[in-house]
Amino acid sequence: MAKVWAQEKGDRIPILVNEHGQPINDKSSHLTHFMGTLSRSGKYCPIYKPWNKVDAAKKKALLELLKTKFDIPEAGEKWILQSFGRKVKNWRARVKEYYHDPSLSVKQQISSRPKQVQKKQWKKLVKYWNKEKTKSLSEKNKENRAKKKMIQRTGKKSYARKREELKTSLGHDPSRLDLFSACFSKDGNTKNDDTANAIDEMKRLSDNLPNGHSDKPGPDDIFSTVMGKDRNGDAGMFGLGVRASDVWGVIPSRSACHRENNELKSRCGELTSENEQLRAQLSEKNGSTNSSIVPPLTSQHSPVVTNEPPRLRILI
């Protein structure tokens, strides 16, 4: 990214973001590639540290450096930091794959340091990889990766940029079926039968939708029916940093609905009891007041006094 580094002061590349803060214009590829060079630099991103353990001051310095080269909206800063975390993680995985041999002694592992990694950071990284907890986690991750059968066909283009392209071509927000088909097939061809079968099943369900019914993204859309429920609160096919609650809001679970219903019933019972107590107190008060009033003595010659107001004659 020599051209980006050589930019004159004040000359910044404009970046556009969508409603989720994800970069979506063509220039955003320069941003992501430049971020990749920084993520592989121990000076800016220590390779041995999990991203959530990196100091806030260092993350802020990264943002400030990017802003000298790119005109980034404030709404995109959260995505940028999340993207840095993923890039550092991917870089760490590449280094481990190519340069770390667990069959060697720890001393030999340390001596096989790649030139791109600083000595102190490499030593800490080797120590981390040799922990039993780390080894166990690594094996679990390998098993999960082996289960992944469907291969994306958009190259380096993000889901967010592909979604923006579909929005323009379709004239409306694409469904997750539209996104999956566009990202995992090219000219109708897929990498394997699993992907092809998934797309065929989604299209079959789409053809059977009632007239006027749209397949809006949600927990029960066609994509979820075929691919399964979204995990960890993410919104599948929307890319990095987008949560399900950002797209279709928070939908309470059955247990949460049951709990809320019980709470409402309990509160309703309490209000009913309070209402009955107030009625009893009011009735008791009225009875006490009426008994304390002594009716006036009347005689045959004395007029009867009443509390009724005098009647008014209306003259027309």
# chains A, B, ... in the order shown; residues from 1 in each chain; ligands from 1

call {"tool": "residues_around", "arguments": {"residues": "Asp200 (chain A)", "least_positions_apart": "4", "cutoff": "12 Å", "atoms": "only C-alpha atoms", "output": "short mmCIF file (atom, residue, chain, number, x, y, z; two decimals) with N, CA and C atoms, in the first residue's frame"}}
result
data_model
loop_
_atom_site.label_atom_id
_atom_site.label_comp_id
_atom_site.auth_asym_id
_atom_site.auth_seq_id
_atom_site.Cartn_x
_atom_site.Cartn_y
_atom_site.Cartn_z
N LEU A 177 -32.03 -14.99 0.99
CA LEU A 177 -31.94 -15.93 -0.13
C LEU A 177 -31.21 -15.28 -1.30
N PHE A 180 -27.48 -15.03 -0.33
CA PHE A 180 -26.80 -16.33 -0.32
C PHE A 180 -26.54 -16.81 -1.74
N SER A 181 -27.55 -16.70 -2.59
CA SER A 181 -27.40 -17.14 -3.98
C SER A 181 -26.33 -16.33 -4.70
N SER A 185 -22.81 -18.62 -5.35
CA SER A 185 -22.87 -19.17 -6.70
C SER A 185 -22.44 -18.11 -7.71
N GLY A 188 -24.80 -19.30 -11.83
CA GLY A 188 -25.57 -20.50 -11.58
C GLY A 188 -24.76 -21.69 -11.11
N ASN A 189 -23.46 -21.55 -11.01
CA ASN A 189 -22.58 -22.65 -10.60
C ASN A 189 -22.11 -22.47 -9.16
N THR A 190 -22.01 -23.57 -8.44
CA THR A 190 -21.54 -23.56 -7.06
C THR A 190 -20.30 -24.45 -6.92
N ASP A 193 -22.15 -29.74 -4.14
CA ASP A 193 -23.56 -30.10 -4.19
C ASP A 193 -24.33 -29.57 -2.98
N ASP A 194 -23.68 -29.49 -1.82
CA ASP A 194 -24.37 -28.99 -0.63
C ASP A 194 -24.90 -27.58 -0.84
N THR A 195 -24.05 -26.73 -1.44
CA THR A 195 -24.47 -25.35 -1.71
C THR A 195 -25.59 -25.31 -2.74
N ALA A 196 -25.45 -26.11 -3.80
CA ALA A 196 -26.47 -26.15 -4.85
C ALA A 196 -27.81 -26.62 -4.31
N ARG A 204 -37.27 -23.20 -4.02
CA ARG A 204 -38.54 -23.94 -4.00
C ARG A 204 -39.49 -23.34 -2.97
N LEU A 205 -38.96 -23.04 -1.79
CA LEU A 205 -39.79 -22.42 -0.75
C LEU A 205 -40.25 -21.03 -1.16
N SER A 206 -39.39 -20.30 -1.86
CA SER A 206 -39.74 -18.96 -2.31
C SER A 206 -40.87 -19.01 -3.33
N ASP A 207 -40.84 -20.00 -4.23
CA ASP A 207 -41.90 -20.14 -5.24
C ASP A 207 -43.25 -20.48 -4.63
N ILE A 222 -36.83 -17.71 4.82
CA ILE A 222 -36.47 -18.91 4.06
C ILE A 222 -35.03 -19.34 4.33
N PHE A 223 -34.12 -18.37 4.46
CA PHE A 223 -32.72 -18.68 4.74
C PHE A 223 -32.59 -19.46 6.05
N VAL A 226 -33.83 -23.18 5.87
CA VAL A 226 -32.93 -24.12 5.19
C VAL A 226 -31.59 -24.25 5.93
#

call {"tool": "residues_around", "arguments": {"residues": "Lys59 (chain A)", "least_positions_apart": "3", "cutoff": "12 Å", "atoms": "only C-alpha atoms", "output": "ChimeraX atom specification"}}
result
/A:38-39,43-46,51-56,62-66,77-78,80-85

call {"tool": "residues_around", "arguments": {"residues": "Asp101 (chain A)", "least_positions_apart": "6", "cutoff": "9 Å", "atoms": "only C-alpha atoms", "output": "number ranges by chain"}}
result
A: 108-109, 112

call {"tool": "write_last_selection", "arguments": {"atoms": "all heavy atoms", "output": "PDB file, in the first residue's frame"}}
result
ATOM      1  N   GLN A 108      13.455 -24.810  19.936  1.00  0.00           N
ATOM      2  CA  GLN A 108      13.508 -24.848  18.475  1.00  0.00           C
ATOM      3  C   GLN A 108      12.357 -24.052  17.847  1.00  0.00           C
ATOM      4  O   GLN A 108      12.524 -23.418  16.808  1.00  0.00           O
ATOM      5  CB  GLN A 108      13.470 -26.302  17.996  1.00  0.00           C
ATOM      6  CG  GLN A 108      14.732 -27.087  18.282  1.00  0.00           C
ATOM      7  CD  GLN A 108      14.578 -28.553  17.946  1.00  0.00           C
ATOM      8  OE1 GLN A 108      13.525 -29.158  18.187  1.00  0.00           O
ATOM      9  NE2 GLN A 108      15.630 -29.126  17.354  1.00  0.00           N
ATOM     10  N   GLN A 109      11.194 -24.103  18.478  1.00  0.00           N
ATOM     11  CA  GLN A 109      10.048 -23.330  17.987  1.00  0.00           C
ATOM     12  C   GLN A 109      10.353 -21.835  18.020  1.00  0.00           C
ATOM     13  O   GLN A 109      10.028 -21.100  17.084  1.00  0.00           O
ATOM     14  CB  GLN A 109       8.814 -23.634  18.842  1.00  0.00           C
ATOM     15  CG  GLN A 109       8.256 -25.034  18.681  1.00  0.00           C
ATOM     16  CD  GLN A 109       7.105 -25.299  19.628  1.00  0.00           C
ATOM     17  OE1 GLN A 109       6.361 -24.391  20.008  1.00  0.00           O
ATOM     18  NE2 GLN A 109       6.937 -26.559  20.032  1.00  0.00           N
ATOM     19  N   SER A 112      12.615 -20.618  15.240  1.00  0.00           N
ATOM     20  CA  SER A 112      12.065 -20.632  13.871  1.00  0.00           C
ATOM     21  C   SER A 112      11.150 -19.435  13.610  1.00  0.00           C
ATOM     22  O   SER A 112      10.185 -19.518  12.855  1.00  0.00           O
ATOM     23  CB  SER A 112      11.295 -21.931  13.637  1.00  0.00           C
ATOM     24  OG  SER A 112      10.198 -22.039  14.535  1.00  0.00           O
TER      25      SER A 112
END

call {"tool": "residues_around", "arguments": {"residues": "region 152-168 of chain A", "least_positions_apart": "2", "cutoff": "7 Å", "atoms": "only C-alpha atoms", "output": "CSV table (one decimal) with N, CA, C and O atoms, in the first residue's frame"}}
result
chain,number,residue,atom,x,y,z
A,22,GLN,N,-20.8,-0.4,7.9
A,22,GLN,CA,-19.9,-1.1,7.0
A,22,GLN,C,-19.6,-0.4,5.8
A,22,GLN,O,-20.4,0.2,5.1
A,24,ILE,N,-19.0,0.4,2.0
A,24,ILE,CA,-19.7,-0.1,0.8
A,24,ILE,C,-19.3,0.4,-0.5
A,24,ILE,O,-19.7,-0.2,-1.6
A,150,MET,N,-19.7,-25.2,2.7
A,150,MET,CA,-20.1,-24.2,1.7
A,150,MET,C,-19.0,-23.1,1.5
A,150,MET,O,-18.6,-22.6,2.5
A,170,LEU,N,-31.8,-4.8,-7.9
A,170,LEU,CA,-33.2,-5.2,-7.6
A,170,LEU,C,-34.2,-4.1,-7.4
A,170,LEU,O,-35.4,-4.2,-7.6
A,171,GLY,N,-33.7,-3.0,-6.9
A,171,GLY,CA,-34.5,-1.8,-6.6
A,171,GLY,C,-35.1,-1.9,-5.2
A,171,GLY,O,-36.0,-1.1,-4.9
A,172,HIS,N,-34.7,-2.8,-4.4
A,172,HIS,CA,-35.2,-3.0,-3.1
A,172,HIS,C,-34.2,-3.8,-2.2
A,172,HIS,O,-33.2,-4.4,-2.8
A,173,ASP,N,-34.4,-3.8,-0.9
A,173,ASP,CA,-33.5,-4.6,-0.1
A,173,ASP,C,-33.6,-6.0,-0.4
A,173,ASP,O,-34.7,-6.6,-0.5
A,174,PRO,N,-32.4,-6.7,-0.6
A,174,PRO,CA,-32.5,-8.1,-1.0
A,174,PRO,C,-32.8,-9.0,0.2
A,174,PRO,O,-32.5,-8.6,1.4
A,179,LEU,N,-29.1,-12.8,-1.2
A,179,LEU,CA,-27.7,-12.7,-0.8
A,179,LEU,C,-26.9,-14.0,-0.8
A,179,LEU,O,-25.8,-14.0,-1.4
A,183,CYS,N,-23.7,-14.7,-3.3
A,183,CYS,CA,-22.4,-14.9,-2.7
A,183,CYS,C,-21.8,-16.3,-2.8
A,183,CYS,O,-20.6,-16.4,-2.7
A,184,PHE,N,-22.7,-17.3,-3.0
A,184,PHE,CA,-22.2,-18.7,-3.0
A,184,PHE,C,-22.4,-19.4,-4.3
A,184,PHE,O,-22.1,-20.6,-4.5
A,185,SER,N,-22.8,-18.6,-5.4
A,185,SER,CA,-22.9,-19.2,-6.7
A,185,SER,C,-22.4,-18.1,-7.7
A,185,SER,O,-22.5,-16.9,-7.4
A,186,LYS,N,-22.0,-18.5,-8.8
A,186,LYS,CA,-21.5,-17.6,-9.9
A,186,LYS,C,-22.0,-18.2,-11.2
A,186,LYS,O,-21.6,-19.3,-11.6
A,237,MET,N,-25.4,-13.6,6.7
A,237,MET,CA,-25.3,-12.9,5.4
A,237,MET,C,-25.3,-11.4,5.4
A,237,MET,O,-25.3,-10.8,4.4
A,238,PHE,N,-25.2,-10.8,6.6
A,238,PHE,CA,-25.1,-9.4,6.7
A,238,PHE,C,-23.7,-8.9,7.0
A,238,PHE,O,-23.4,-7.7,7.0
A,239,GLY,N,-22.8,-9.8,7.3
A,239,GLY,CA,-21.4,-9.5,7.4
A,239,GLY,C,-21.0,-9.1,8.8
A,239,GLY,O,-21.8,-9.1,9.8

call {"tool": "closest_residue", "arguments": {"among": "A:Glu8, A:Val88, A:Ile13, A:Tyr48", "to": "Gly36 (chain A)", "atoms": "only C-alpha atoms"}}
result
A:Val88

call {"tool": "residues_around", "arguments": {"residues": "region 116-129 of chain A", "least_positions_apart": "5", "cutoff": "8 Å", "atoms": "only C-alpha atoms", "output": "number ranges by chain"}}
result
A: 40-42, 46-48, 100, 106, 109-110, 134-135

call {"tool": "write_last_selection", "arguments": {"atoms": "N, CA, C and O atoms", "output": "compact mmCIF listing (two decimals), in the first residue's frame"}}
result
# COMPACT_ATOMS: atom_id res chain seq x y z
N ARG A 40 -0.71 -6.73 10.34
CA ARG A 40 0.45 -7.63 10.30
C ARG A 40 1.70 -6.97 10.86
O ARG A 40 2.79 -7.55 10.84
N SER A 41 1.54 -5.76 11.34
CA SER A 41 2.66 -5.04 11.92
C SER A 41 2.58 -5.09 13.44
O SER A 41 1.61 -4.63 14.04
N GLY A 42 3.58 -5.65 14.07
CA GLY A 42 3.60 -5.73 15.52
C GLY A 42 3.62 -4.37 16.18
O GLY A 42 3.23 -4.22 17.35
N PRO A 46 -0.20 -5.97 18.17
CA PRO A 46 0.58 -7.09 18.71
C PRO A 46 -0.08 -8.43 18.37
O PRO A 46 -1.25 -8.64 18.68
N ILE A 47 0.69 -9.30 17.74
CA ILE A 47 0.13 -10.56 17.23
C ILE A 47 -0.22 -11.54 18.35
O ILE A 47 -1.11 -12.38 18.18
N TYR A 48 0.42 -11.44 19.48
CA TYR A 48 0.22 -12.42 20.55
C TYR A 48 -0.98 -12.12 21.44
O TYR A 48 -1.41 -12.97 22.23
N HIS A 100 4.91 -22.57 12.68
CA HIS A 100 4.95 -23.23 13.99
C HIS A 100 4.85 -24.73 13.85
O HIS A 100 3.88 -25.26 13.29
N VAL A 106 10.41 -26.45 22.53
CA VAL A 106 10.03 -25.04 22.66
C VAL A 106 11.18 -24.14 22.20
O VAL A 106 10.94 -23.12 21.53
N GLN A 109 11.19 -24.10 18.48
CA GLN A 109 10.05 -23.33 17.99
C GLN A 109 10.35 -21.83 18.02
O GLN A 109 10.03 -21.10 17.08
N ILE A 110 10.96 -21.40 19.11
CA ILE A 110 11.30 -19.97 19.24
C ILE A 110 12.33 -19.56 18.20
O ILE A 110 12.27 -18.45 17.66
N THR A 134 -4.90 -23.86 25.24
CA THR A 134 -4.83 -23.37 23.86
C THR A 134 -4.86 -24.53 22.88
O THR A 134 -5.52 -24.46 21.83
N LYS A 135 -4.14 -25.60 23.18
CA LYS A 135 -4.12 -26.77 22.30
C LYS A 135 -5.51 -27.39 22.17
O LYS A 135 -5.93 -27.76 21.08

call {"tool": "atom_distance", "arguments": {"atom1": "CA of His30 (chain A)", "atom2": "CA of Val242 (chain A)"}}
result
21.7 Å

call {"tool": "atom_distance", "arguments": {"atom1": "CA of Gly236 (chain A)", "atom2": "CA of Lys89 (chain A)"}}
result
20.4 Å
